[in-house]
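Containing mmCIF, C-alpha atoms: structure-v4.cif.
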data_final
#
loop_
_atom_site.group_PDB
_atom_site.id
_atom_site.type_symbol
_atom_site.label_atom_id
_atom_site.label_comp_id
_atom_site.auth_asym_id
_atom_site.auth_seq_id
_atom_site.Cartn_x
_atom_site.Cartn_y
_atom_site.Cartn_z
ATOM 1 C CA MET A 1 -59.809 43.690 15.659
ATOM 2 C CA ALA A 2 -56.711 42.689 13.638
ATOM 3 C CA LYS A 3 -53.778 45.019 14.081
ATOM 4 C CA GLU A 4 -52.511 46.584 10.892
ATOM 5 C CA ARG A 5 -49.100 45.059 10.142
ATOM 6 C CA LEU A 6 -46.277 47.548 10.358
ATOM 7 C CA ASP A 7 -43.294 47.774 8.058
ATOM 8 C CA PRO A 8 -40.416 46.080 9.988
ATOM 9 C CA GLU A 9 -38.176 49.075 9.254
ATOM 10 C CA LYS A 10 -40.579 51.343 11.139
ATOM 11 C CA LEU A 11 -39.794 49.557 14.402
ATOM 12 C CA LEU A 12 -36.061 50.141 14.115
ATOM 13 C CA PRO A 13 -33.790 50.753 15.888
ATOM 14 C CA LEU A 14 -34.642 48.188 18.518
ATOM 15 C CA THR A 15 -33.527 48.672 22.083
ATOM 16 C CA SER A 16 -30.698 46.439 23.243
ATOM 17 C CA SER A 17 -32.930 44.313 25.498
ATOM 18 C CA VAL A 18 -35.565 43.815 22.772
ATOM 19 C CA PHE A 19 -32.922 42.832 20.213
ATOM 20 C CA HIS A 20 -31.386 40.289 22.572
ATOM 21 C CA ILE A 21 -34.781 38.833 23.497
ATOM 22 C CA LEU A 22 -35.700 38.367 19.835
ATOM 23 C CA LEU A 23 -32.278 36.868 19.182
ATOM 24 C CA ALA A 24 -32.785 34.422 22.026
ATOM 25 C CA LEU A 25 -36.172 33.374 20.622
ATOM 26 C CA SER A 26 -34.836 32.936 17.083
ATOM 27 C CA ASP A 27 -33.713 29.383 17.893
ATOM 28 C CA GLY A 28 -37.021 28.249 19.352
ATOM 29 C CA ASP A 29 -39.675 28.748 22.033
ATOM 30 C CA LEU A 30 -38.447 29.831 25.436
ATOM 31 C CA HIS A 31 -39.930 30.872 28.766
ATOM 32 C CA GLY A 32 -38.816 33.959 30.656
ATOM 33 C CA TYR A 33 -35.981 32.333 32.569
ATOM 34 C CA GLY A 34 -34.810 30.587 29.421
ATOM 35 C CA ILE A 35 -34.710 33.914 27.570
ATOM 36 C CA MET A 36 -32.743 35.470 30.409
ATOM 37 C CA GLN A 37 -30.232 32.620 30.421
ATOM 38 C CA GLU A 38 -29.841 32.659 26.623
ATOM 39 C CA VAL A 39 -29.236 36.412 26.613
ATOM 40 C CA ALA A 40 -26.659 36.118 29.420
ATOM 41 C CA GLU A 41 -24.936 33.307 27.490
ATOM 42 C CA HIS A 42 -24.744 34.975 24.088
ATOM 43 C CA THR A 43 -23.516 38.254 25.651
ATOM 44 C CA GLY A 44 -20.919 36.513 27.813
ATOM 45 C CA GLY A 45 -22.725 37.534 31.003
ATOM 46 C CA GLN A 46 -22.645 41.246 30.123
ATOM 47 C CA ILE A 47 -26.405 41.569 29.866
ATOM 48 C CA ARG A 48 -28.576 40.068 32.583
ATOM 49 C CA LEU A 49 -32.211 40.949 32.114
ATOM 50 C CA GLY A 50 -34.141 41.717 35.272
ATOM 51 C CA PRO A 51 -37.786 40.658 35.632
ATOM 52 C CA GLY A 52 -39.074 44.188 35.049
ATOM 53 C CA THR A 53 -36.978 44.736 31.936
ATOM 54 C CA LEU A 54 -37.784 41.310 30.518
ATOM 55 C CA TYR A 55 -41.530 41.324 31.032
ATOM 56 C CA GLY A 56 -41.896 44.995 30.136
ATOM 57 C CA ALA A 57 -40.239 44.158 26.817
ATOM 58 C CA ILE A 58 -42.336 40.985 26.409
ATOM 59 C CA LYS A 59 -45.501 43.009 26.950
ATOM 60 C CA ARG A 60 -44.534 45.408 24.158
ATOM 61 C CA LEU A 61 -43.384 42.637 21.845
ATOM 62 C CA LEU A 62 -46.711 40.846 22.301
ATOM 63 C CA ALA A 63 -48.605 44.081 21.656
ATOM 64 C CA ASN A 64 -46.656 44.696 18.427
ATOM 65 C CA GLY A 65 -47.022 41.116 17.207
ATOM 66 C CA LEU A 66 -43.312 40.296 17.225
ATOM 67 C CA ILE A 67 -43.814 37.359 19.583
ATOM 68 C CA VAL A 68 -46.742 35.231 20.656
ATOM 69 C CA GLU A 69 -47.399 33.177 23.709
ATOM 70 C CA THR A 70 -47.511 29.477 23.007
ATOM 71 C CA ASP A 71 -49.430 26.767 24.887
ATOM 72 C CA ARG A 72 -48.198 26.413 28.406
ATOM 73 C CA ARG A 73 -46.261 23.268 29.142
ATOM 74 C CA PRO A 74 -44.368 22.063 32.201
ATOM 75 C CA ASP A 75 -40.668 22.616 32.409
ATOM 76 C CA ALA A 76 -39.500 19.232 33.725
ATOM 77 C CA GLU A 77 -35.877 20.346 34.048
ATOM 78 C CA LEU A 78 -36.463 22.756 36.892
ATOM 79 C CA ASP A 79 -39.769 22.074 38.604
ATOM 80 C CA ASP A 80 -43.358 21.131 37.910
ATOM 81 C CA GLU A 81 -44.628 24.646 37.740
ATOM 82 C CA ARG A 82 -46.126 25.459 34.394
ATOM 83 C CA ARG A 83 -44.366 28.224 32.577
ATOM 84 C CA ARG A 84 -45.487 30.484 29.770
ATOM 85 C CA TYR A 85 -43.488 30.028 26.596
ATOM 86 C CA TYR A 86 -42.970 32.629 23.928
ATOM 87 C CA ARG A 87 -42.358 32.191 20.214
ATOM 88 C CA LEU A 88 -40.973 34.531 17.587
ATOM 89 C CA THR A 89 -43.545 35.315 14.885
ATOM 90 C CA ASP A 90 -42.728 35.658 11.180
ATOM 91 C CA PHE A 91 -43.069 39.385 11.540
ATOM 92 C CA GLY A 92 -40.794 39.315 14.576
ATOM 93 C CA ARG A 93 -38.211 37.408 12.540
ATOM 94 C CA GLN A 94 -38.439 40.055 9.790
ATOM 95 C CA VAL A 95 -37.864 42.802 12.337
ATOM 96 C CA LEU A 96 -34.954 40.902 13.869
ATOM 97 C CA LYS A 97 -33.357 40.421 10.433
ATOM 98 C CA ALA A 98 -33.864 44.091 9.602
ATOM 99 C CA GLU A 99 -32.160 45.122 12.846
ATOM 100 C CA ALA A 100 -29.300 42.664 12.276
ATOM 101 C CA GLN A 101 -28.806 44.141 8.779
ATOM 102 C CA ARG A 102 -28.828 47.657 10.215
ATOM 103 C CA ILE A 103 -26.139 46.696 12.728
ATOM 104 C CA SER A 104 -24.189 44.907 10.012
ATOM 105 C CA LYS A 105 -24.124 48.104 7.931
ATOM 106 C CA LEU A 106 -22.814 50.018 10.925
ATOM 107 C CA VAL A 107 -20.114 47.390 11.412
ATOM 108 C CA SER A 108 -19.130 47.774 7.724
ATOM 109 C CA VAL A 109 -18.777 51.521 8.197
ATOM 110 C CA ALA A 110 -16.635 50.971 11.300
ATOM 111 C CA GLN A 111 -14.483 48.498 9.347
ATOM 112 C CA ARG A 112 -14.036 50.993 6.489
ATOM 113 C CA LYS A 113 -12.911 53.572 9.005
ATOM 114 C CA ARG A 114 -10.502 50.961 10.424
ATOM 115 C CA LEU A 115 -12.142 51.024 13.829
ATOM 116 C CA LEU A 116 -12.771 47.301 13.469
ATOM 117 C CA PRO A 117 -10.637 44.720 11.692
ATOM 118 C CA LYS A 118 -12.006 43.590 8.323
ATOM 119 C CA GLN A 119 -13.188 40.024 8.150
ATOM 120 C CA THR A 120 -11.088 37.911 5.792
ATOM 121 C CA MET B 1 -41.175 45.028 44.940
ATOM 122 C CA LEU B 2 -43.934 43.901 42.575
ATOM 123 C CA LEU B 3 -46.256 46.468 44.140
ATOM 124 C CA ALA B 4 -44.250 49.174 42.383
ATOM 125 C CA TYR B 5 -45.781 48.011 39.092
ATOM 126 C CA PRO B 6 -49.316 48.826 37.896
ATOM 127 C CA ARG B 7 -52.049 46.412 38.924
ATOM 128 C CA GLU B 8 -52.763 45.156 35.399
ATOM 129 C CA PHE B 9 -49.073 44.465 34.810
ATOM 130 C CA ARG B 10 -48.841 42.573 38.122
ATOM 131 C CA LEU B 11 -51.908 40.495 37.297
ATOM 132 C CA GLU B 12 -50.533 39.613 33.880
ATOM 133 C CA TYR B 13 -46.861 39.002 34.662
ATOM 134 C CA GLY B 14 -46.549 38.999 38.449
ATOM 135 C CA SER B 15 -46.329 35.238 38.884
ATOM 136 C CA GLU B 16 -43.775 34.904 36.093
ATOM 137 C CA MET B 17 -41.680 37.734 37.485
ATOM 138 C CA THR B 18 -41.764 36.087 40.907
ATOM 139 C CA GLN B 19 -40.725 32.771 39.357
ATOM 140 C CA LEU B 20 -37.893 34.443 37.431
ATOM 141 C CA PHE B 21 -36.712 36.133 40.612
ATOM 142 C CA ARG B 22 -36.716 32.773 42.439
ATOM 143 C CA ASP B 23 -34.819 31.112 39.583
ATOM 144 C CA CYS B 24 -32.150 33.823 39.526
ATOM 145 C CA HIS B 25 -31.869 33.866 43.319
ATOM 146 C CA ARG B 26 -31.386 30.102 43.340
ATOM 147 C CA ASP B 27 -28.539 30.498 40.847
ATOM 148 C CA VAL B 28 -26.598 32.958 43.021
ATOM 149 C CA GLN B 29 -27.346 31.541 46.472
ATOM 150 C CA SER B 30 -24.267 29.368 46.608
ATOM 151 C CA ASP B 31 -21.936 31.960 45.051
ATOM 152 C CA GLY B 32 -21.146 33.960 48.173
ATOM 153 C CA LEU B 33 -22.236 37.172 49.863
ATOM 154 C CA VAL B 34 -20.815 39.587 47.297
ATOM 155 C CA THR B 35 -22.633 37.892 44.402
ATOM 156 C CA THR B 36 -25.858 37.789 46.407
ATOM 157 C CA LEU B 37 -25.592 41.502 47.227
ATOM 158 C CA GLU B 38 -24.871 42.278 43.581
ATOM 159 C CA PHE B 39 -27.963 40.264 42.640
ATOM 160 C CA TRP B 40 -30.170 42.216 45.061
ATOM 161 C CA LEU B 41 -28.760 45.510 43.821
ATOM 162 C CA ARG B 42 -29.507 44.503 40.223
ATOM 163 C CA MET B 43 -33.084 43.543 41.129
ATOM 164 C CA ILE B 44 -33.707 46.803 42.990
ATOM 165 C CA LEU B 45 -32.245 48.878 40.156
ATOM 166 C CA ASP B 46 -34.381 46.933 37.681
ATOM 167 C CA VAL B 47 -37.523 47.845 39.625
ATOM 168 C CA ILE B 48 -36.460 51.489 39.957
ATOM 169 C CA ARG B 49 -35.805 51.699 36.225
ATOM 170 C CA THR B 50 -38.835 49.839 34.882
ATOM 171 C CA ALA B 51 -41.738 50.395 37.317
ATOM 172 C CA PRO B 52 -42.078 54.127 36.492
ATOM 173 C CA VAL B 53 -41.985 53.272 32.778
ATOM 174 C CA GLU B 54 -44.861 50.823 33.181
ATOM 175 C CA ARG B 55 -46.840 53.269 35.306
ATOM 176 C CA TRP B 56 -46.284 56.062 32.775
ATOM 177 C CA ASP B 57 -47.231 53.729 29.960
ATOM 178 C CA ARG B 58 -50.485 52.808 31.698
ATOM 179 C CA LEU B 59 -51.254 56.421 32.512
ATOM 180 C CA GLY B 60 -50.513 57.457 28.961
ATOM 181 C CA ASN B 61 -52.767 54.770 27.484
ATOM 182 C CA ARG B 62 -55.668 55.714 29.689
ATOM 183 C CA THR B 63 -55.031 59.406 29.331
ATOM 184 C CA MET B 64 -54.941 59.182 25.547
ATOM 185 C CA LYS B 65 -58.219 57.226 25.506
ATOM 186 C CA ASN B 66 -60.030 59.799 27.644
ATOM 187 C CA LEU B 67 -58.115 62.860 26.500
ATOM 188 C CA LYS B 68 -60.682 64.068 24.007
ATOM 189 C CA SER B 69 -63.676 63.646 26.304
ATOM 190 C CA ASP B 70 -61.831 65.048 29.323
ATOM 191 C CA ALA B 71 -60.661 68.042 27.278
ATOM 192 C CA ILE B 72 -64.248 68.742 26.228
ATOM 193 C CA GLY B 73 -65.408 68.440 29.849
ATOM 194 C CA LEU B 74 -62.667 70.703 31.096
ATOM 195 C CA LEU B 75 -63.320 73.310 28.389
ATOM 196 C CA GLY B 76 -67.007 73.196 29.279
ATOM 197 C CA CYS B 77 -66.248 73.943 32.928
ATOM 198 C CA VAL B 78 -63.865 76.746 31.952
ATOM 199 C CA ALA B 79 -66.569 78.226 29.714
ATOM 200 C CA ILE B 80 -69.101 78.122 32.577
ATOM 201 C CA ILE B 81 -66.632 79.859 34.906
ATOM 202 C CA VAL B 82 -65.876 82.550 32.333
ATOM 203 C CA VAL B 83 -69.596 83.204 31.720
ATOM 204 C CA ALA B 84 -70.232 83.349 35.476
ATOM 205 C CA LEU B 85 -67.329 85.768 35.866
ATOM 206 C CA PHE B 86 -68.713 88.067 33.187
ATOM 207 C CA LEU B 87 -72.179 87.963 34.741
ATOM 208 C CA LEU B 88 -70.670 88.740 38.122
ATOM 209 C CA ARG B 89 -68.717 91.695 36.791
ATOM 210 C CA TYR B 90 -71.764 92.934 34.928
ATOM 211 C CA GLY B 91 -73.889 92.614 38.061
ATOM 212 C CA MET B 92 -71.286 94.381 40.193
ATOM 213 C CA LYS B 93 -70.863 97.167 37.648
ATOM 214 C CA HIS B 94 -74.546 97.839 37.162
ATOM 215 C CA GLN B 95 -75.643 96.735 40.653
ATOM 216 C CA ILE B 96 -78.599 94.987 39.160
ATOM 217 C CA ALA B 97 -78.009 91.451 40.357
ATOM 218 C CA PRO B 98 -79.977 90.383 43.440
ATOM 219 C CA LEU B 99 -77.905 89.302 46.445
ATOM 220 C CA LEU B 100 -78.570 85.612 46.019
ATOM 221 C CA LEU B 101 -77.502 85.616 42.367
ATOM 222 C CA PHE B 102 -74.458 87.708 43.245
ATOM 223 C CA GLY B 103 -73.481 85.295 45.996
ATOM 224 C CA ALA B 104 -74.167 82.252 43.826
ATOM 225 C CA LEU B 105 -72.131 83.583 40.883
ATOM 226 C CA ASP B 106 -69.282 84.446 43.210
ATOM 227 C CA ALA B 107 -69.362 80.923 44.664
ATOM 228 C CA ILE B 108 -69.710 79.326 41.208
ATOM 229 C CA VAL B 109 -66.537 81.051 40.011
ATOM 230 C CA ALA B 110 -64.441 80.499 43.137
ATOM 231 C CA ALA B 111 -65.567 76.959 43.915
ATOM 232 C CA GLY B 112 -65.675 76.051 40.229
ATOM 233 C CA VAL B 113 -62.038 76.983 39.684
ATOM 234 C CA VAL B 114 -60.769 75.197 42.798
ATOM 235 C CA SER B 115 -62.995 72.109 42.485
ATOM 236 C CA ASN B 116 -62.347 71.469 38.799
ATOM 237 C CA LEU B 117 -58.618 71.975 39.239
ATOM 238 C CA ILE B 118 -58.801 69.028 41.636
ATOM 239 C CA ILE B 119 -61.454 66.884 39.928
ATOM 240 C CA PHE B 120 -60.026 66.664 36.399
ATOM 241 C CA PRO B 121 -56.407 65.770 37.266
ATOM 242 C CA LEU B 122 -57.712 63.284 39.862
ATOM 243 C CA LEU B 123 -59.930 61.569 37.308
ATOM 244 C CA MET B 124 -57.186 61.507 34.682
ATOM 245 C CA ALA B 125 -54.663 59.971 37.076
ATOM 246 C CA THR B 126 -56.933 57.414 38.776
ATOM 247 C CA ARG B 127 -59.825 55.086 38.138
ATOM 248 C CA LEU B 128 -62.119 56.676 40.697
ATOM 249 C CA SER B 129 -65.822 56.981 39.967
ATOM 250 C CA ARG B 130 -66.467 60.163 38.047
ATOM 251 C CA PHE B 131 -69.579 61.317 39.860
ATOM 252 C CA ARG B 132 -68.475 60.281 43.350
ATOM 253 C CA THR B 133 -65.144 62.048 42.938
ATOM 254 C CA ALA B 134 -66.948 65.216 41.843
ATOM 255 C CA LEU B 135 -69.447 64.921 44.700
ATOM 256 C CA TRP B 136 -66.864 64.628 47.448
ATOM 257 C CA THR B 137 -64.532 67.218 45.953
ATOM 258 C CA LEU B 138 -67.346 69.734 45.548
ATOM 259 C CA LEU B 139 -68.566 69.048 49.087
ATOM 260 C CA ILE B 140 -65.134 69.548 50.608
ATOM 261 C CA VAL B 141 -64.211 72.600 48.518
ATOM 262 C CA HIS B 142 -67.540 74.349 49.063
ATOM 263 C CA GLY B 143 -67.380 73.581 52.775
ATOM 264 C CA ALA B 144 -63.858 74.941 53.029
ATOM 265 C CA LEU B 145 -64.643 78.094 51.040
ATOM 266 C CA LEU B 146 -67.818 78.679 53.048
ATOM 267 C CA LEU B 147 -65.909 78.313 56.290
ATOM 268 C CA THR B 148 -63.233 80.699 55.019
ATOM 269 C CA ALA B 149 -65.875 83.222 53.938
ATOM 270 C CA ALA B 150 -67.584 82.949 57.334
ATOM 271 C CA LEU B 151 -64.298 83.483 59.198
ATOM 272 C CA ILE B 152 -63.340 86.478 57.061
ATOM 273 C CA GLY B 153 -66.879 87.870 57.122
ATOM 274 C CA THR B 154 -67.181 88.048 60.909
ATOM 275 C CA SER B 155 -65.152 91.244 60.860
ATOM 276 C CA ASP B 156 -67.383 92.811 58.184
ATOM 277 C CA PRO B 157 -70.628 94.364 59.487
ATOM 278 C CA HIS B 158 -72.224 94.062 56.024
ATOM 279 C CA PHE B 159 -71.508 90.333 55.814
ATOM 280 C CA ASN B 160 -74.727 88.383 55.334
ATOM 281 C CA PHE B 161 -74.078 84.762 56.181
ATOM 282 C CA PRO B 162 -77.489 83.343 55.131
ATOM 283 C CA TRP B 163 -77.106 84.781 51.624
ATOM 284 C CA VAL B 164 -73.522 83.596 51.340
ATOM 285 C CA PHE B 165 -74.550 80.148 52.566
ATOM 286 C CA ALA B 166 -77.421 80.054 50.078
ATOM 287 C CA GLY B 167 -75.015 81.132 47.332
ATOM 288 C CA TYR B 168 -72.670 78.244 48.087
ATOM 289 C CA VAL B 169 -75.568 75.784 48.223
ATOM 290 C CA VAL B 170 -76.703 76.972 44.787
ATOM 291 C CA SER B 171 -73.125 76.718 43.480
ATOM 292 C CA PHE B 172 -72.725 73.209 44.912
ATOM 293 C CA LEU B 173 -75.984 72.008 43.344
ATOM 294 C CA PHE B 174 -75.084 73.722 40.060
ATOM 295 C CA TRP B 175 -71.650 72.066 39.742
ATOM 296 C CA LEU B 176 -72.961 68.742 41.007
ATOM 297 C CA THR B 177 -75.629 68.787 38.297
ATOM 298 C CA ILE B 178 -73.048 69.664 35.630
ATOM 299 C CA HIS B 179 -70.796 66.786 36.697
ATOM 300 C CA TRP B 180 -73.720 64.381 36.972
ATOM 301 C CA LEU B 181 -74.797 65.262 33.450
ATOM 302 C CA TRP B 182 -71.204 64.830 32.289
ATOM 303 C CA SER B 183 -70.916 61.402 33.932
ATOM 304 C CA GLN B 184 -74.201 60.345 32.296
ATOM 305 C CA THR B 185 -72.961 61.547 28.897
ATOM 306 C CA LYS B 186 -69.730 59.544 29.264
ATOM 307 C CA THR B 187 -71.706 56.449 30.317
ATOM 308 C CA ILE B 188 -73.899 56.727 27.220
ATOM 309 C CA LEU B 189 -70.853 57.230 24.966
ATOM 310 C CA THR B 190 -69.060 54.281 26.551
ATOM 311 C CA THR B 191 -71.971 51.841 26.296
ATOM 312 C CA SER B 192 -72.799 52.841 22.728
ATOM 313 C CA HIS B 193 -69.392 51.441 21.641
#
Whole structure given in C-alpha cells:
Amino acid sequence: MAKERLDPEKLLPLTSSVFHILLALSDGDLHGYGIMQEVAEHTGGQIRLGPGTLYGAIKRLLANGLIVETDRRPDAELDDERRRYYRLTDFGRQVLKAEAQRISKLVSVAQRKRLLPKQT
Amino acid sequence: MLLAYPREFRLEYGSEMTQLFRDCHRDVQSDGLVTTLEFWLRMILDVIRTAPVERWDRLGNRTMKNLKSDAIGLLGCVAIIVVALFLLRYGMKHQIAPLLLFGALDAIVAAGVVSNLIIFPLLMATRLSRFRTALWTLLIVHGALLLTAALIGTSDPHFNFPWVFAGYVVSFLFWLTIHWLWSQTKTILTTSH
C-alpha cells in the first residue's frame, strides 16, 4: 500500500542526527560508515553517530520515505563485504531544504539581534 | 550489546551495526588507550540511549495495532467480573444461591481479577500465544487461590473443601472457555484481513 506523501513542513523540526544524515546523503549514495564519516567531517568531529543512533534514524527515514536503500554493491576501498547503500529521495531533499530554510531564518533572527555577525 | 535491541531491529540492522562498530574500532585502535576508552564509552552510551527507544517504539507499534481488540477483551472480562459480583452479592443477600454456584461465583470474581490482571499486560508486552498464556496463568492462579482457601479454611469448621474445589474448577473452565473464544475471534479477525 503506497504511503500518503506528507507535507515536508509537517516533519520539521528534524532532530540533529536526522538533519546531519540527510545532509551527508545530499551529495550522493552512502553506506552507514560513510554517513558516519561524512557527518563527523562536516561537524568538525563534534558529532559522531553511534550504530544505534545511526540505524535507528535510518529505520525512521526509510519508513517516512526520506531515503531509500539502493542496490548493494561492494565497497572495494575497505573490504569485500557488501554494504547497504542509502540514497536521499526527492521528498527527503524537500524536507532537508525545508529544514535548512528554517535554520536559515533562525540565523537571520540571531543576526538581527546581533548575536551573530551579519554576512557581507 | 546488540541483544539490547529488539529482535526485528537486530535482524534488519544487526550486521550493519556490527560492521560499523568494527570500522570505528579499527579507526581508533592505533590512537592510544584514552581514545579507545572514549570510543567504548561512546558505544555503551549509544546503546543505553537508543535501545530503550527502539524497544518502546516496537512495543508502541504492536500495542497500537492490538489496542482496540485488547481493550474490548479487557472490558469484556471486567463486565463478566462485575456481573458475577452482583450475582454473588444478590445470592449472599437473599441466600438463594446453591453452594456450588456461590463458590463458583466467588472463584470467578477472585480468580478473574487476578488472572486477567496478569494475562492482558503479558499479552500486550510479549508475543506469547494468547490461549496458552491464558491457560497457564489461569491454572497457576486458580491453583494458588485454591491452596490459599484450603489453608485458611482449615481453621473454619464450616469450610467445605469439595464445594470450594468444585467452584474453582467451574471458574477455571469458565475463564478458559472465555479466553479460548476470544483467541478464536482474534484468529478469525486476523485471517479475514
Test item: the PyMOL selection byres ((chain A) within 8 of (chain B)) resolved as a PDB file with C-alpha atoms, in the frame of the given file:
ATOM      1  CA  GLY A  32     -38.816  33.959  30.656  1.00  0.00           C
ATOM      2  CA  TYR A  33     -35.981  32.333  32.569  1.00  0.00           C
ATOM      3  CA  GLY A  50     -34.141  41.717  35.272  1.00  0.00           C
ATOM      4  CA  PRO A  51     -37.786  40.658  35.632  1.00  0.00           C
ATOM      5  CA  GLY A  52     -39.074  44.188  35.049  1.00  0.00           C
ATOM      6  CA  THR A  53     -36.978  44.736  31.936  1.00  0.00           C
ATOM      7  CA  TYR A  55     -41.530  41.324  31.032  1.00  0.00           C
ATOM      8  CA  GLY A  56     -41.896  44.995  30.136  1.00  0.00           C
ATOM      9  CA  ARG A  83     -44.366  28.224  32.577  1.00  0.00           C
ATOM     10  CA  ARG A  84     -45.487  30.484  29.770  1.00  0.00           C
TER      11      ARG A  84
END
Please evaluate the PyMOL selection byres ((chain B and resi 174-188) around 12) against the displayed coordinates and give the resulting residues as an mmCIF file with C-alpha atoms, in the coordinates of the input.
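Final file, selection_11.cif:
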data_model
loop_
_atom_site.group_PDB
_atom_site.id
_atom_site.type_symbol
_atom_site.label_atom_id
_atom_site.label_comp_id
_atom_site.auth_asym_id
_atom_site.auth_seq_id
_atom_site.Cartn_x
_atom_site.Cartn_y
_atom_site.Cartn_z
ATOM 1 C CA ASN B 66 -60.030 59.799 27.644
ATOM 2 C CA LYS B 68 -60.682 64.068 24.007
ATOM 3 C CA SER B 69 -63.676 63.646 26.304
ATOM 4 C CA ASP B 70 -61.831 65.048 29.323
ATOM 5 C CA ILE B 72 -64.248 68.742 26.228
ATOM 6 C CA GLY B 73 -65.408 68.440 29.849
ATOM 7 C CA LEU B 74 -62.667 70.703 31.096
ATOM 8 C CA GLY B 76 -67.007 73.196 29.279
ATOM 9 C CA CYS B 77 -66.248 73.943 32.928
ATOM 10 C CA VAL B 78 -63.865 76.746 31.952
ATOM 11 C CA ILE B 80 -69.101 78.122 32.577
ATOM 12 C CA ILE B 81 -66.632 79.859 34.906
ATOM 13 C CA ALA B 84 -70.232 83.349 35.476
ATOM 14 C CA ALA B 104 -74.167 82.252 43.826
ATOM 15 C CA LEU B 105 -72.131 83.583 40.883
ATOM 16 C CA ALA B 107 -69.362 80.923 44.664
ATOM 17 C CA ILE B 108 -69.710 79.326 41.208
ATOM 18 C CA VAL B 109 -66.537 81.051 40.011
ATOM 19 C CA ALA B 110 -64.441 80.499 43.137
ATOM 20 C CA ALA B 111 -65.567 76.959 43.915
ATOM 21 C CA GLY B 112 -65.675 76.051 40.229
ATOM 22 C CA VAL B 113 -62.038 76.983 39.684
ATOM 23 C CA VAL B 114 -60.769 75.197 42.798
ATOM 24 C CA SER B 115 -62.995 72.109 42.485
ATOM 25 C CA ASN B 116 -62.347 71.469 38.799
ATOM 26 C CA ILE B 119 -61.454 66.884 39.928
ATOM 27 C CA PHE B 120 -60.026 66.664 36.399
ATOM 28 C CA LEU B 123 -59.930 61.569 37.308
ATOM 29 C CA SER B 129 -65.822 56.981 39.967
ATOM 30 C CA ARG B 130 -66.467 60.163 38.047
ATOM 31 C CA PHE B 131 -69.579 61.317 39.860
ATOM 32 C CA ARG B 132 -68.475 60.281 43.350
ATOM 33 C CA THR B 133 -65.144 62.048 42.938
ATOM 34 C CA ALA B 134 -66.948 65.216 41.843
ATOM 35 C CA LEU B 135 -69.447 64.921 44.700
ATOM 36 C CA TRP B 136 -66.864 64.628 47.448
ATOM 37 C CA THR B 137 -64.532 67.218 45.953
ATOM 38 C CA LEU B 138 -67.346 69.734 45.548
ATOM 39 C CA LEU B 139 -68.566 69.048 49.087
ATOM 40 C CA VAL B 141 -64.211 72.600 48.518
ATOM 41 C CA HIS B 142 -67.540 74.349 49.063
ATOM 42 C CA GLY B 167 -75.015 81.132 47.332
ATOM 43 C CA TYR B 168 -72.670 78.244 48.087
ATOM 44 C CA VAL B 169 -75.568 75.784 48.223
ATOM 45 C CA VAL B 170 -76.703 76.972 44.787
ATOM 46 C CA SER B 171 -73.125 76.718 43.480
ATOM 47 C CA PHE B 172 -72.725 73.209 44.912
ATOM 48 C CA LEU B 173 -75.984 72.008 43.344
ATOM 49 C CA LEU B 189 -70.853 57.230 24.966
ATOM 50 C CA THR B 190 -69.060 54.281 26.551
ATOM 51 C CA THR B 191 -71.971 51.841 26.296
ATOM 52 C CA SER B 192 -72.799 52.841 22.728
ATOM 53 C CA HIS B 193 -69.392 51.441 21.641
#
Which residue gives the smallest distance to Leu12 of chain A among A:Ile103, A:Leu116, A:Ala110, A:Val68, with only C-alpha atoms counted? A:Ile103
Separation of atom CA of Phe165 of chain B and atom CA of Ile140 of chain B, in Å?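 For atom CA of Phe165 of chain B relative to atom CA of Ile140 of chain B, the distance reads 14.3 Å.
Here atom CA of His25 of chain B stands at a distance of 16.4 Å from atom CA of Ile47 of chain A.
Note that atom CA of Glu8 of chain B and atom CA of Leu128 of chain B are 15.8 Å apart.
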May I have the residues within 12 Å of Gln37 of chain A as a list of chain:residue names, using all atoms listed in the file and disregarding those fewer than 5 positions away in the same chain? A:His20, A:Ile21, A:Ala24, A:Leu25, A:Leu30, A:His31, A:Gly32, A:His42, A:Thr43, A:Gly44, A:Gly45, A:Gln46, A:Ile47, A:Arg48, A:Leu49, A:Gly50, A:Leu54, B:Leu20, B:Asp23, B:Cys24, B:Asp27
Which residues, named as in the file, does the PyMOL selection byres ((chain A and resi 92) around 8) pick out? Answer as a count of residues only. 12
